[in-house]
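Beneath this line is the structure, given in structure tokens, with notes to follow.
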Amino acid sequence: MSTVEVFFDLAFVFAFIQVTALMSDDFTGHGMLNAMLVLTLLWWTWSVYTWLGNNLQARAGLVRIAMLVAAMITFVMAVVARQAFTDLPGAAISGPLVFVACFVAIRLVHLALRWHAVPGTRPRIALLIAVPVFIASILLFAAAVVPQRLFHDAGMVKGSQTGLWTLAIAIDYGSSLLMQSWGWHVVSVRHWAERHGLIVLVAFGESLIAVGLTSSRVPMSGPLVAATAFAVVIAAALGWTYFDVVAIAAERTLILKPVQRRLAAARDAYTYLHLPMVAGIMLLAFGLGKVAAIIQHNELHHASVPLVGLGLYALYGGVSLFLLSHVGFQLRITRLVRRTIWPRLIAAALLAGIIPIANQLPAVAALGLLAAICIGLVITEVILAGGQRKELREAALTGSLWPERPTPP
């Protein structure tokens, strides 16, 4: 993985922070949905460049410069993400239009890079890539301009914007089902898995930033120390479920597949199923931020306030979504260490079932309960995976996990 790819990924640190902030700006179900739509579009931007980076060298020359330009556009896109649907008061330039312009620009850079650097990019393939991007761009432009002029009711404006965004994203995502015709290949499985592992780490880092930024403005106290410790425990436990053995098994399985059969598995398990994982982490980050805000309120008013409503659902639901998505990822990509699946399903069901109980607890206690369940999940998985876990990890450390070439078709 090249340094320019890491630099490109760093733009998403701020992008994920902006997604969480967008949830707080419109603390409603509709606001949460819009934030998820922004995340989905940002994720697809990251994904197309990950596919591209796996098929070319990004370390030098024109490719390196283009990747840096793409990182710059992505950062601007992240800056304006909170205004992707509505301008802030006094804005001199339309935020929604700037967001759409960044989307179009970064996809044009991607298409130009593909044409320049990837062998076999024929006009038909370029057209297959460009048409859905063009349609999605038109729909996003319409969402930025048309509803405000067509409707006077705020609810109709928001609803039509969300509908146009949803249609644009569906077209853009659905076009990847034609990927067999685009000449893509997973050239380096190690690079592919590393890029996705890094973006998951970026998302977990953002979840800690969410609680850290709010907590840094609160006088130090016992509940604050407990909340920050619980936040780290939860992020570490979820990271453990991803990286400890399943990521290793998935990489091993993908590299053993014939090259011709890698593409669909990589697309489904990584490009598609990692999105709800990241979305779950973003919801967790939002919930952690709400806990920190409640602690700040408690310090000012000397009261013990529970975490209720969307904040609690985001906190517990985000972890559940991550676990369920991770189960889907494992089922799609590998048959190894299947014993870890049931504990995650049970943990996700348990989190949904105890929300009425957590609703009655002080916010820090609800966070501690979530941390305890995550720790219990990790311990259970380590015990159940047993010898198979040990063998996979030892093979990874010795380098014997990855053969020199894939098996023949």
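For the structure tokens, the naming scheme is as follows: chains receive sequential letters (A, B, ...) according to their order of presentation, residues are indexed from 1 within each chain, and ligands are indexed from 1 in presentation order.
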
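Excluding A:Leu22 itself and same-chain residues fewer than 2 positions from it, the residues having an atom within 10 Å of it are Phe16, Ile17, Gln18, Val19, Thr20, Ser24, Asp25, Asp26, Phe27, Gly31, Met32, Asn34, Ala35, Met36, Val38, Ala81, Arg82, Gln83, Ala84 and Phe286 of chain A, counting only C-alpha atoms.
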
Surrounding residues of stretch 161-176 of chain A excluding itself and chain neighbours under 3 positions, 10 Å, only C-alpha atoms, as a ChimeraX atom specification: /A:30-31,33-34,37-38,40-41,44,48,85-86,128-129,131-148,155-158,179-182,264,267,271-272

Polymer residues at most 12 Å from A:Ile341, only C-alpha atoms, same-chain spacing of 5 or more positions, as a PyMOL selection string: chain A and resi 241-242+246+323-331+334-336+346-348+377-378+380-381+384-385

Could those residues be written to a file, using N, CA and C atoms, as a PDB file, in the first residue's frame?
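Saved to result_17.pdb:
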```
ATOM      1  N   THR A 241     -13.038  -8.364  17.066  1.00  0.00           N
ATOM      2  CA  THR A 241     -13.872  -9.285  16.295  1.00  0.00           C
ATOM      3  C   THR A 241     -13.551  -9.199  14.807  1.00  0.00           C
ATOM      4  N   TYR A 242     -13.132  -8.036  14.347  1.00  0.00           N
ATOM      5  CA  TYR A 242     -12.815  -7.889  12.920  1.00  0.00           C
ATOM      6  C   TYR A 242     -11.429  -8.439  12.591  1.00  0.00           C
ATOM      7  N   VAL A 246     -11.049 -13.428  11.808  1.00  0.00           N
ATOM      8  CA  VAL A 246     -11.910 -13.454  10.628  1.00  0.00           C
ATOM      9  C   VAL A 246     -11.253 -12.729   9.456  1.00  0.00           C
ATOM     10  N   LEU A 323     -22.064  -5.942  14.085  1.00  0.00           N
ATOM     11  CA  LEU A 323     -21.938  -7.387  14.281  1.00  0.00           C
ATOM     12  C   LEU A 323     -22.678  -8.169  13.203  1.00  0.00           C
ATOM     13  N   LEU A 324     -23.890  -7.738  12.872  1.00  0.00           N
ATOM     14  CA  LEU A 324     -24.673  -8.435  11.851  1.00  0.00           C
ATOM     15  C   LEU A 324     -24.001  -8.316  10.479  1.00  0.00           C
ATOM     16  N   SER A 325     -23.455  -7.143  10.178  1.00  0.00           N
ATOM     17  CA  SER A 325     -22.755  -6.962   8.908  1.00  0.00           C
ATOM     18  C   SER A 325     -21.496  -7.818   8.854  1.00  0.00           C
ATOM     19  N   HIS A 326     -20.845  -7.932   9.986  1.00  0.00           N
ATOM     20  CA  HIS A 326     -19.637  -8.755  10.031  1.00  0.00           C
ATOM     21  C   HIS A 326     -19.969 -10.224   9.833  1.00  0.00           C
ATOM     22  N   VAL A 327     -21.103 -10.653  10.358  1.00  0.00           N
ATOM     23  CA  VAL A 327     -21.570 -12.022  10.106  1.00  0.00           C
ATOM     24  C   VAL A 327     -21.811 -12.222   8.609  1.00  0.00           C
ATOM     25  N   GLY A 328     -22.490 -11.235   7.969  1.00  0.00           N
ATOM     26  CA  GLY A 328     -22.713 -11.322   6.530  1.00  0.00           C
ATOM     27  C   GLY A 328     -21.412 -11.369   5.755  1.00  0.00           C
ATOM     28  N   PHE A 329     -20.442 -10.565   6.164  1.00  0.00           N
ATOM     29  CA  PHE A 329     -19.120 -10.565   5.544  1.00  0.00           C
ATOM     30  C   PHE A 329     -18.486 -11.947   5.633  1.00  0.00           C
ATOM     31  N   GLN A 330     -18.531 -12.556   6.816  1.00  0.00           N
ATOM     32  CA  GLN A 330     -17.905 -13.859   6.995  1.00  0.00           C
ATOM     33  C   GLN A 330     -18.623 -14.940   6.191  1.00  0.00           C
ATOM     34  N   LEU A 331     -19.945 -14.906   6.192  1.00  0.00           N
ATOM     35  CA  LEU A 331     -20.691 -15.910   5.446  1.00  0.00           C
ATOM     36  C   LEU A 331     -20.428 -15.809   3.945  1.00  0.00           C
ATOM     37  N   THR A 334     -15.822 -16.559   3.633  1.00  0.00           N
ATOM     38  CA  THR A 334     -15.033 -17.683   4.140  1.00  0.00           C
ATOM     39  C   THR A 334     -15.874 -18.646   4.962  1.00  0.00           C
ATOM     40  N   ARG A 335     -15.506 -19.915   4.876  1.00  0.00           N
ATOM     41  CA  ARG A 335     -16.153 -20.944   5.690  1.00  0.00           C
ATOM     42  C   ARG A 335     -15.329 -21.311   6.915  1.00  0.00           C
ATOM     43  N   LEU A 336     -14.223 -20.631   7.108  1.00  0.00           N
ATOM     44  CA  LEU A 336     -13.385 -20.901   8.276  1.00  0.00           C
ATOM     45  C   LEU A 336     -13.963 -20.223   9.520  1.00  0.00           C
ATOM     46  N   ILE A 346     -26.099 -13.776  18.697  1.00  0.00           N
ATOM     47  CA  ILE A 346     -26.717 -13.725  20.032  1.00  0.00           C
ATOM     48  C   ILE A 346     -26.468 -12.363  20.677  1.00  0.00           C
ATOM     49  N   ALA A 347     -25.239 -11.841  20.526  1.00  0.00           N
ATOM     50  CA  ALA A 347     -24.919 -10.527  21.105  1.00  0.00           C
ATOM     51  C   ALA A 347     -25.776  -9.432  20.468  1.00  0.00           C
ATOM     52  N   ALA A 348     -25.983  -9.493  19.153  1.00  0.00           N
ATOM     53  CA  ALA A 348     -26.810  -8.488  18.479  1.00  0.00           C
ATOM     54  C   ALA A 348     -28.253  -8.565  18.968  1.00  0.00           C
ATOM     55  N   LEU A 377     -18.434 -11.004  24.501  1.00  0.00           N
ATOM     56  CA  LEU A 377     -18.415 -11.544  23.141  1.00  0.00           C
ATOM     57  C   LEU A 377     -17.004 -11.951  22.737  1.00  0.00           C
ATOM     58  N   VAL A 378     -16.029 -11.097  23.015  1.00  0.00           N
ATOM     59  CA  VAL A 378     -14.645 -11.407  22.656  1.00  0.00           C
ATOM     60  C   VAL A 378     -14.171 -12.668  23.371  1.00  0.00           C
ATOM     61  N   THR A 380     -15.932 -15.120  24.566  1.00  0.00           N
ATOM     62  CA  THR A 380     -16.650 -16.281  24.025  1.00  0.00           C
ATOM     63  C   THR A 380     -16.059 -16.714  22.685  1.00  0.00           C
ATOM     64  N   GLU A 381     -15.758 -15.747  21.813  1.00  0.00           N
ATOM     65  CA  GLU A 381     -15.201 -16.094  20.513  1.00  0.00           C
ATOM     66  C   GLU A 381     -13.827 -16.744  20.641  1.00  0.00           C
ATOM     67  N   LEU A 384     -14.404 -20.345  21.796  1.00  0.00           N
ATOM     68  CA  LEU A 384     -15.032 -21.211  20.802  1.00  0.00           C
ATOM     69  C   LEU A 384     -14.124 -21.469  19.601  1.00  0.00           C
ATOM     70  N   ALA A 385     -13.379 -20.449  19.167  1.00  0.00           N
ATOM     71  CA  ALA A 385     -12.516 -20.636  18.010  1.00  0.00           C
ATOM     72  C   ALA A 385     -11.381 -21.604  18.308  1.00  0.00           C
TER      73      ALA A 385
END
```

Selected residue of minimal separation from A:Gly309 among A:Thr28, A:Asn55, A:Thr45, A:Ser188, counting only C-alpha atoms: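 Residue with the minimum atom-to-atom distance to A:Gly309: A:Thr28.
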
Two-atom distance - atom CA of A:Gly287, atom CA of A:Pro343 (Å): 23.2 Å
